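Take a look at the structure set out below.
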Amino acid sequence: MRIEHDVLQDFVEEIFKAAGSEPIEAAIVADHLVLANLSGHDSHGVGMIPRYIDNIKAGSLHPNEHVELVKKDGSILVFDGRAGFGQVVAREAMAETISVARETGLALSALRNAHHIGRVGTYGEQCADAGLVSIHFVNVTGHRGLVAPHRGADARYGTNPICISLPDTTEEPRIILDFATSKVALGKIRVAHNSGKELEEGLLIDKDGNASTDPGVMFADEVGSLLPLAEHKGYGLALMCELLTGAIGGGGTIQPKNVRDTRIINNMLSIVIDPARLTEMDYIASEMKAMCDYVRDSPPRAGFDNVILPGDPERAQREQRRADGIDIDEETWRQIIEAAASHNVTL
Ligand code: NAD
């Protein structure tokens, strides 16, 4: 199934409006999901719709909710997402954090209890749009864990993503590093499962802790686990996401005494910095350009294309998919159509 992004955008907006969102919310959520597909991250694109629709029906995702500032202490902000659409409440929280960072040069915000915030790079890009540097740590709670700790045989936490974002300079486009701390995001396993594809080795283990290449082990009754990125290093980063957002940020960790059903709750700790308060922007631009060129000039190793920078793949995918359309596998499309039909929406 190949679909043009603007047709998809309209369809997704209709689905969320029918599910109870105000038009502005439906547009923000649709825009976020379609941009994730356009960026090549199908795991965080429109394939999430069935889960969101189910969670609205279950009462664990609250349409038309807005972020609440629960505490402001100097340039430290604490927000409650009130289980609203993460795409809306995280964007609102970031907008306030950005305005404090512009004033003071540095802001720290903890967002608690947001429903799934989607592609975290979106919030890095929001800061880059404002000319600011940002660092984001995220945990994922409200349901069982998905990732086994290094040396562990079963899942104890989520795919806890991290994003570090640098704004455009006069010499270089923005650099957006944004990834899950598992070897792959669960959504990528879902896409493989829905497409009937086997996975490469080393990404997951089955319910007994044995290596597996079957994406189905993540959707079986007795589930397996994803493996952490870079063994103890990815595990360490994921644990820090959990503790920074869930304990220190106050949003709650995934430890089993906290609520678990099918909801997807994200807590995010963000640090937003005005780079101009540290160094002259001209120096930043020329030094970044020199370093990025130096890295890019490394001759490609056998079997690889040229060296690129974080953010480059998403830019390239956006250009290509805007022109050619977005491919959606049959099973994912069937699930989206089914979710839409449950609200009498058709393409
Ligand atoms: P990924 O493995 O595709 O890595 C993406 C990052 O690596 C990007 O910054 C990209 O620019 C960079 N990159 C990719 N290839 C590169 C190359 N050859 N050279 C240099 N840089 C390169 O991403 P992922 O781990 O599958 O995560 C996908 C998305 O899922 C992310 O947007 C993440 O925020 C999101 N996510 C969200 C949640 C949540 O709970 N909300 C949980 C997990 C992941």
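Chain lettering (A, B, ...) mirrors the order of the structure tokens, residue numbering begins at 1 for each chain separately, and ligand numbering begins at 1 in order of display.
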
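Residues in contact with Leu177 of chain A at 9 Å, where only C-alpha atoms are counted and same-chain residues fewer than 3 positions away are skipped, are listed as Gly121, Gly124, Ile162, Cys163, Ile164, Ser165, Leu166, Leu309, Pro310 and Gly311 of chain A.
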
Write a file of the selected residues as a PDB file, in the first residue's frame, keeping C-alpha atoms.
```pdb
ATOM      1  CA  GLY A 121      13.152  13.905  17.714  1.00  0.00           C
ATOM      2  CA  GLY A 124      14.467  18.177  19.598  1.00  0.00           C
ATOM      3  CA  ILE A 162      17.228   9.566  24.201  1.00  0.00           C
ATOM      4  CA  CYS A 163      17.451  12.600  21.936  1.00  0.00           C
ATOM      5  CA  ILE A 164      20.199  15.218  21.627  1.00  0.00           C
ATOM      6  CA  SER A 165      19.552  18.028  19.208  1.00  0.00           C
ATOM      7  CA  LEU A 166      21.700  20.883  17.865  1.00  0.00           C
ATOM      8  CA  LEU A 309      25.541  12.602  10.361  1.00  0.00           C
ATOM      9  CA  PRO A 310      22.600  12.043  12.722  1.00  0.00           C
ATOM     10  CA  GLY A 311      19.571  13.730  11.162  1.00  0.00           C
TER      11      GLY A 311
END
```

Contact check, chain A to ligand 1, at most 6 Å, counting only C-alpha atoms and all ligand atoms, closest pairs as a Markdown table:
```
| residue | atom | partner | partner_atom_place_in_ligand_line | distance |
| --- | --- | --- | --- | --- |
| A:His41 | CA | ligand 1 | 28 (C) | 5.6 |
| A:His44 | CA | ligand 1 | 30 (O) | 5.8 |
| A:His116 | CA | ligand 1 | 41 (N) | 5.3 |
| A:Ile117 | CA | ligand 1 | 41 (N) | 4.8 |
| A:Gly118 | CA | ligand 1 | 41 (N) | 4.1 |
| A:Arg119 | CA | ligand 1 | 32 (O) | 3.8 |
| A:Val120 | CA | ligand 1 | 34 (O) | 3.8 |
| A:Gly121 | CA | ligand 1 | 32 (O) | 5.3 |
| A:Val140 | CA | ligand 1 | 40 (O) | 5.3 |
| A:Thr159 | CA | ligand 1 | 43 (C) | 4.7 |
| A:Asn160 | CA | ligand 1 | 42 (C) | 5.4 |
| A:Pro161 | CA | ligand 1 | 43 (C) | 4.8 |
| A:Ile176 | CA | ligand 1 | 9 (O) | 5.2 |
| A:Leu177 | CA | ligand 1 | 9 (O) | 3.3 |
| A:Asp178 | CA | ligand 1 | 9 (O) | 4.0 |
| A:Phe179 | CA | ligand 1 | 25 (O) | 3.6 |
| A:Ala180 | CA | ligand 1 | 25 (O) | 3.6 |
| A:Val184 | CA | ligand 1 | 26 (O) | 4.9 |
| A:Ala185 | CA | ligand 1 | 26 (O) | 4.5 |
| A:Asn266 | CA | ligand 1 | 40 (O) | 5.9 |
| A:Ile308 | CA | ligand 1 | 19 (N) | 4.8 |
| A:Leu309 | CA | ligand 1 | 20 (C) | 4.3 |
| A:Pro310 | CA | ligand 1 | 11 (O) | 3.5 |
| A:Gly311 | CA | ligand 1 | 11 (O) | 3.6 |
| A:Asp312 | CA | ligand 1 | 11 (O) | 5.6 |
| A:Pro313 | CA | ligand 1 | 11 (O) | 5.3 |
| A:Glu314 | CA | ligand 1 | 11 (O) | 5.9 |
```

Inset, instruction - Please return as a PyMOL selection string: the residues of segment 186-342 of chain A that backbone DSSP assigns to alpha helix (DSSP H). - result: chain A and resi 186-194+232-241+281-296+312-324+330-341

Legend entry - Point-to-point distance in Å for atom CA of Met268 of chain A and atom CA of Ile254 of chain A: 13.6 Å

Contact table segment 56-175 of chain A vs segment 270-274 of chain A, cut-off 6 Å, shortest pair per residue, only C-alpha atoms, as a Markdown table:
```
| residue | atom | partner | partner_atom | distance |
| --- | --- | --- | --- | --- |
| A:Gly105 | CA | A:Asp274 | CA | 4.9 |
| A:Leu106 | CA | A:Ile273 | CA | 4.6 |
| A:Ala107 | CA | A:Val272 | CA | 5.2 |
| A:Leu108 | CA | A:Ile271 | CA | 4.6 |
| A:Ser109 | CA | A:Ser270 | CA | 5.2 |
| A:Leu132 | CA | A:Asp274 | CA | 5.0 |
| A:Val133 | CA | A:Ile273 | CA | 5.1 |
| A:Ser134 | CA | A:Val272 | CA | 4.4 |
| A:Ile135 | CA | A:Ile271 | CA | 5.2 |
| A:His136 | CA | A:Ser270 | CA | 4.4 |
```

Inset, instruction - Give the answer as one residue: which of A:Arg156, A:Arg2, A:Arg301, A:His150 has the shortest atom-to-atom distance to Lys233 of chain A, using only C-alpha atoms? - result: A:His150

So that each row is one residue of segment 39-58 of chain A with an atom at most 10 Å from segment 325-330 of chain A, can you give its shortest atom pair and the distance in Å to one decimal, using only C-alpha atoms, rows by chain and rising number, as CSV?
```
residue,atom,partner,partner_atom,distance
A:Ser39,CA,A:Ile326,CA,10.0
A:Gly40,CA,A:Ile326,CA,9.0
A:Asp42,CA,A:Ile328,CA,8.2
A:Gly45,CA,A:Ile328,CA,10.0
A:Val46,CA,A:Ile328,CA,8.9
A:Gly47,CA,A:Ile328,CA,8.4
```

Inset, instruction - Tell me, as a ChimeraX atom specification, which residues lie within 8 Å of segment 210-213 of chain A, counting only C-alpha atoms; anything in the same chain fewer than 3 positions away does not count. - result: /A:153,198-207,217

For the residues selected in the previous step, produce a file with all heavy atoms as a CSV table (one decimal), in the first residue's frame.
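The file below, out.csv, is the result:
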```csv
chain,number,residue,atom,x,y,z
A,153,ALA,N,17.3,-12.2,31.6
A,153,ALA,CA,16.6,-13.1,30.6
A,153,ALA,C,15.2,-12.7,30.4
A,153,ALA,O,14.5,-13.3,29.6
A,153,ALA,CB,16.6,-14.5,31.1
A,198,GLU,N,11.4,-12.1,8.9
A,198,GLU,CA,12.2,-12.6,10.0
A,198,GLU,C,13.2,-11.4,10.4
A,198,GLU,O,13.6,-10.7,9.5
A,198,GLU,CB,12.9,-13.8,9.6
A,198,GLU,CG,13.3,-14.7,10.8
A,198,GLU,CD,13.8,-16.0,10.4
A,198,GLU,OE1,13.2,-16.6,9.4
A,198,GLU,OE2,14.8,-16.5,11.0
A,199,LEU,N,13.7,-11.4,11.6
A,199,LEU,CA,14.6,-10.4,12.0
A,199,LEU,C,16.0,-10.9,11.9
A,199,LEU,O,16.3,-12.1,11.9
A,199,LEU,CB,14.3,-10.0,13.5
A,199,LEU,CG,13.0,-9.3,13.7
A,199,LEU,CD1,12.7,-9.4,15.2
A,199,LEU,CD2,13.0,-7.9,13.2
A,200,GLU,N,17.0,-9.9,11.9
A,200,GLU,CA,18.4,-10.4,12.0
A,200,GLU,C,18.7,-10.8,13.4
A,200,GLU,O,17.9,-10.5,14.3
A,200,GLU,CB,19.3,-9.2,11.6
A,200,GLU,CG,19.2,-8.0,12.5
A,200,GLU,CD,19.9,-6.8,11.9
A,200,GLU,OE1,19.3,-6.1,11.1
A,200,GLU,OE2,21.1,-6.6,12.3
A,201,GLU,N,19.8,-11.6,13.5
A,201,GLU,CA,20.1,-12.1,14.9
A,201,GLU,C,20.6,-11.0,15.8
A,201,GLU,O,21.0,-10.0,15.4
A,201,GLU,CB,21.2,-13.1,14.7
A,201,GLU,CG,20.7,-14.5,14.2
A,201,GLU,CD,21.7,-15.5,14.0
A,201,GLU,OE1,22.9,-15.3,14.4
A,201,GLU,OE2,21.4,-16.5,13.3
A,202,GLY,N,20.3,-11.3,17.1
A,202,GLY,CA,20.9,-10.4,18.2
A,202,GLY,C,20.0,-9.3,18.6
A,202,GLY,O,20.4,-8.5,19.4
A,203,LEU,N,18.8,-9.3,18.1
A,203,LEU,CA,17.9,-8.2,18.5
A,203,LEU,C,16.9,-8.6,19.7
A,203,LEU,O,16.6,-7.7,20.5
A,203,LEU,CB,17.0,-7.8,17.3
A,203,LEU,CG,17.7,-7.3,16.1
A,203,LEU,CD1,16.7,-6.9,15.0
A,203,LEU,CD2,18.7,-6.2,16.4
A,204,LEU,N,16.6,-9.9,19.7
A,204,LEU,CA,15.7,-10.3,20.8
A,204,LEU,C,15.9,-11.7,21.3
A,204,LEU,O,16.6,-12.5,20.7
A,204,LEU,CB,14.2,-10.0,20.4
A,204,LEU,CG,13.7,-10.3,19.0
A,204,LEU,CD1,13.3,-11.8,18.9
A,204,LEU,CD2,12.4,-9.5,18.9
A,205,ILE,N,15.2,-11.9,22.5
A,205,ILE,CA,15.3,-13.3,23.1
A,205,ILE,C,13.8,-13.7,23.3
A,205,ILE,O,12.9,-12.9,23.4
A,205,ILE,CB,16.1,-13.3,24.4
A,205,ILE,CG1,15.6,-12.1,25.4
A,205,ILE,CG2,17.5,-13.1,24.2
A,205,ILE,CD1,16.3,-12.1,26.7
A,206,ASP,N,13.6,-15.0,23.4
A,206,ASP,CA,12.3,-15.6,23.6
A,206,ASP,C,11.9,-15.6,25.1
A,206,ASP,O,12.8,-15.2,25.9
A,206,ASP,CB,12.1,-16.9,22.9
A,206,ASP,CG,12.9,-18.0,23.5
A,206,ASP,OD1,13.4,-17.8,24.7
A,206,ASP,OD2,13.1,-19.0,22.9
A,207,LYS,N,10.8,-16.2,25.4
A,207,LYS,CA,10.3,-16.2,26.8
A,207,LYS,C,11.3,-16.9,27.8
A,207,LYS,O,11.3,-16.6,29.0
A,207,LYS,CB,8.9,-16.8,26.9
A,207,LYS,CG,8.9,-18.3,26.6
A,207,LYS,CD,7.4,-18.8,26.7
A,207,LYS,CE,7.3,-20.2,26.2
A,207,LYS,NZ,8.3,-21.2,26.7
A,217,VAL,N,7.7,-13.5,18.8
A,217,VAL,CA,7.9,-13.7,20.2
A,217,VAL,C,7.5,-12.5,21.1
A,217,VAL,O,7.2,-12.6,22.2
A,217,VAL,CB,9.4,-14.2,20.6
A,217,VAL,CG1,9.8,-15.4,19.8
A,217,VAL,CG2,10.4,-13.0,20.4
```

Pick out the residues sitting within 12 Å of segment 339-343 of chain A, and hand them over as a tab-separated table (two decimals) with C-alpha atoms, in the first residue's frame; count only C-alpha atoms, and ignore anything fewer than 5 positions along from it in its own chain.
```
chain	number	residue	atom	x	y	z
A	11	PHE	CA	-7.47	10.55	6.72
A	12	VAL	CA	-5.69	10.45	10.09
A	13	GLU	CA	-7.19	13.81	11.09
A	14	GLU	CA	-10.66	12.46	10.29
A	15	ILE	CA	-10.04	9.36	12.42
A	16	PHE	CA	-9.01	11.36	15.49
A	17	LYS	CA	-11.81	13.89	15.06
A	18	ALA	CA	-14.28	11.00	14.95
A	19	ALA	CA	-12.63	9.55	18.08
A	20	GLY	CA	-13.33	12.80	19.96
A	46	VAL	CA	0.35	5.94	11.64
A	47	GLY	CA	0.79	2.31	12.74
A	48	MET	CA	0.20	3.63	16.29
A	49	ILE	CA	-3.41	4.65	15.45
A	50	PRO	CA	-5.10	1.36	16.48
A	51	ARG	CA	-3.36	1.46	19.88
A	52	TYR	CA	-4.37	5.11	20.43
A	53	ILE	CA	-7.98	4.41	19.46
A	54	ASP	CA	-8.06	1.41	21.84
A	55	ASN	CA	-6.61	3.54	24.65
A	56	ILE	CA	-9.19	6.31	24.11
A	57	LYS	CA	-11.91	3.65	24.35
A	332	THR	CA	-0.72	-2.34	9.48
A	333	TRP	CA	-3.08	-0.79	6.92
A	334	ARG	CA	-5.78	-3.37	7.73
```

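The space separating atom CA of His62 of chain A from atom CA of Gly84 of chain A comes to 4.7 Å.
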
Legend entry - Selection near Pro275 of chain A, 12 Å with only C-alpha atoms, sequence-local residues under 4 positions removed, as an MDAnalysis selection string: chainID A and resid 101:102 104:106 127:128 130:134 165:169 279:285

Inset, instruction - Tell me, as a list in words, which residues lie within 9 Å of Met218 of chain A, counting only C-alpha atoms; anything in the same chain fewer than 4 positions away does not count. - result: Leu146, Leu186, Ile189, Arg190, Leu204, Ile205, Asp206, Lys207, Asp214, Glu222, Val223, Gly224, Ser225 and Leu226 of chain A
